[in-house]
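**Q** Structure provided below as structure tokens; questions to follow.
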Amino acid sequence: MKTIGFAVCGSFCTFKAVFEEIEKLKKLEYNIIPIMSENSYNLDTRFGDAAYWRGRLKKITGNDIIHTIPKAEPIGPKKLLDALIIAPCTGNTLAKLAWGVTDSCVTLAAKAHLRNARPLIIAPSTNDALANAAKNIGALFNYKNIYFVPYGQDSFAGKPNSMVADFSLIPDTLQHALNGIQVQPVILTPR
């Protein structure tokens, strides 16, 4: 059985879709280690209370949630994960990953995991993917062992710079990444 880290960042509007994919991965019999950014772990929003999302994630995975830097650090030295998924991955987290900033539990988990040359799968969700975040996405495409869940513009008329991953493609992207392949196409037609 493969052990997959699943890190959730604060694109709260996507949580419903993302959590459905976590349930699918669990049904595929992956051991899922949940990770939540500090904001996703603590903030109540119009998309739900933090306690609800924490409870649901723990119930789905059956594992305790990693939500602090000290708890994320052992991921690397102990080689805990076969792959790590970050979904949703915000523009903030994309920037930190691109620039090597490890000041959150999610970015430290990614750094710790990548030291083992194992796949990191990123499912972007950011309002500025075609603006300020574009350079960070481009940089990450050049890094070894980083794979992207296919993504596209989610509201090109109302938010022309916004792009969101098609979260239903997480299982397929994961399987390809475990075999060292970037699933294609990466950029989807507008929805």
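How things are named: the first chain in the structure tokens is A, the next is B, and so on; residues count from 1 in each chain; ligands count from 1 in the order shown.
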Once DSSP has gone over the backbone, tell me which residues of segment 62-117 of chain A are in alpha helix (DSSP H), as a list in words.

**A**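 Filtering segment 62-117 of chain A to alpha helix (DSSP H) leaves Ile69, Pro70, Lys71, Ala72, Gly91, Asn92, Thr93, Leu94, Ala95, Lys96, Leu97, Ala98, Trp99, Cys105, Val106, Thr107, Leu108, Ala109, Ala110, Lys111, Ala112, His113 and Leu114 of chain A.
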
**Q** Would you list, as JSON, numbers by chain, the residues of chain A that end up in strand (DSSP E or B) under DSSP run on this structure's backbone?

**A** {"A": [3, 4, 5, 6, 7, 8, 31, 32, 33, 34, 35, 36, 45, 48, 66, 83, 84, 85, 86, 87, 88, 89, 120, 121, 122, 123, 124, 125, 126, 146, 147, 148, 151, 152, 153, 163, 164, 165, 187]}

**Q** Please write the residues from the selection above to a file, keeping C-alpha atoms, as an mmCIF file, in the first residue's frame.

**A**
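Writing done, so here's again26.cif:
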```
data_model
loop_
_atom_site.group_PDB
_atom_site.id
_atom_site.type_symbol
_atom_site.label_atom_id
_atom_site.label_comp_id
_atom_site.auth_asym_id
_atom_site.auth_seq_id
_atom_site.Cartn_x
_atom_site.Cartn_y
_atom_site.Cartn_z
ATOM 1 C CA THR A 3 1.405 6.202 1.569
ATOM 2 C CA ILE A 4 0.351 9.549 0.150
ATOM 3 C CA GLY A 5 0.603 12.896 1.878
ATOM 4 C CA PHE A 6 -2.330 15.155 1.090
ATOM 5 C CA ALA A 7 -1.769 18.820 1.936
ATOM 6 C CA VAL A 8 -4.685 21.269 1.927
ATOM 7 C CA ASN A 31 -2.821 5.307 3.149
ATOM 8 C CA ILE A 32 -3.356 9.075 3.312
ATOM 9 C CA ILE A 33 -1.423 11.288 5.712
ATOM 10 C CA PRO A 34 -3.353 14.579 5.969
ATOM 11 C CA ILE A 35 -1.555 17.917 6.154
ATOM 12 C CA MET A 36 -3.281 21.274 6.566
ATOM 13 C CA THR A 45 -14.826 31.003 6.554
ATOM 14 C CA GLY A 48 -17.311 26.202 6.574
ATOM 15 C CA ILE A 66 -0.013 17.371 10.398
ATOM 16 C CA ALA A 83 4.099 10.946 -2.992
ATOM 17 C CA LEU A 84 2.796 14.278 -1.712
ATOM 18 C CA ILE A 85 -0.208 16.089 -3.167
ATOM 19 C CA ILE A 86 -0.902 19.776 -2.481
ATOM 20 C CA ALA A 87 -4.537 20.485 -3.329
ATOM 21 C CA PRO A 88 -5.664 23.163 -3.414
ATOM 22 C CA CYS A 89 -2.315 24.883 -3.847
ATOM 23 C CA LEU A 120 5.222 16.221 -5.463
ATOM 24 C CA ILE A 121 1.859 16.797 -7.171
ATOM 25 C CA ILE A 122 0.500 20.341 -7.277
ATOM 26 C CA ALA A 123 -3.167 21.218 -7.952
ATOM 27 C CA PRO A 124 -3.204 25.014 -8.366
ATOM 28 C CA SER A 125 -6.060 27.241 -7.301
ATOM 29 C CA THR A 126 -5.198 30.907 -7.627
ATOM 30 C CA ILE A 146 7.211 18.153 -9.449
ATOM 31 C CA TYR A 147 4.023 17.344 -11.364
ATOM 32 C CA PHE A 148 0.869 19.356 -11.975
ATOM 33 C CA TYR A 151 -5.742 23.160 -14.658
ATOM 34 C CA GLY A 152 -7.579 25.835 -16.597
ATOM 35 C CA GLN A 153 -9.351 29.149 -16.361
ATOM 36 C CA MET A 163 -6.973 29.193 -12.883
ATOM 37 C CA VAL A 164 -8.028 26.134 -10.918
ATOM 38 C CA ALA A 165 -7.036 22.483 -11.192
ATOM 39 C CA ILE A 187 -3.558 23.256 -19.559
#
```

**Q** Could you tell me which of A:Pro119, A:Gly62, A:Pro74, A:Pro150 comes closest to Val186 of chain A if we count only C-alpha atoms?

**A**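 Closest to Val186 of chain A, using only C-alpha atoms: A:Pro150.
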
**Q** Which of these, A:Leu140, A:Leu57, A:Cys105, A:Leu178, has the shortest distance to Phe19 of chain A once you count only C-alpha atoms?

**A**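 Closest residue, counting only C-alpha atoms: A:Leu57.
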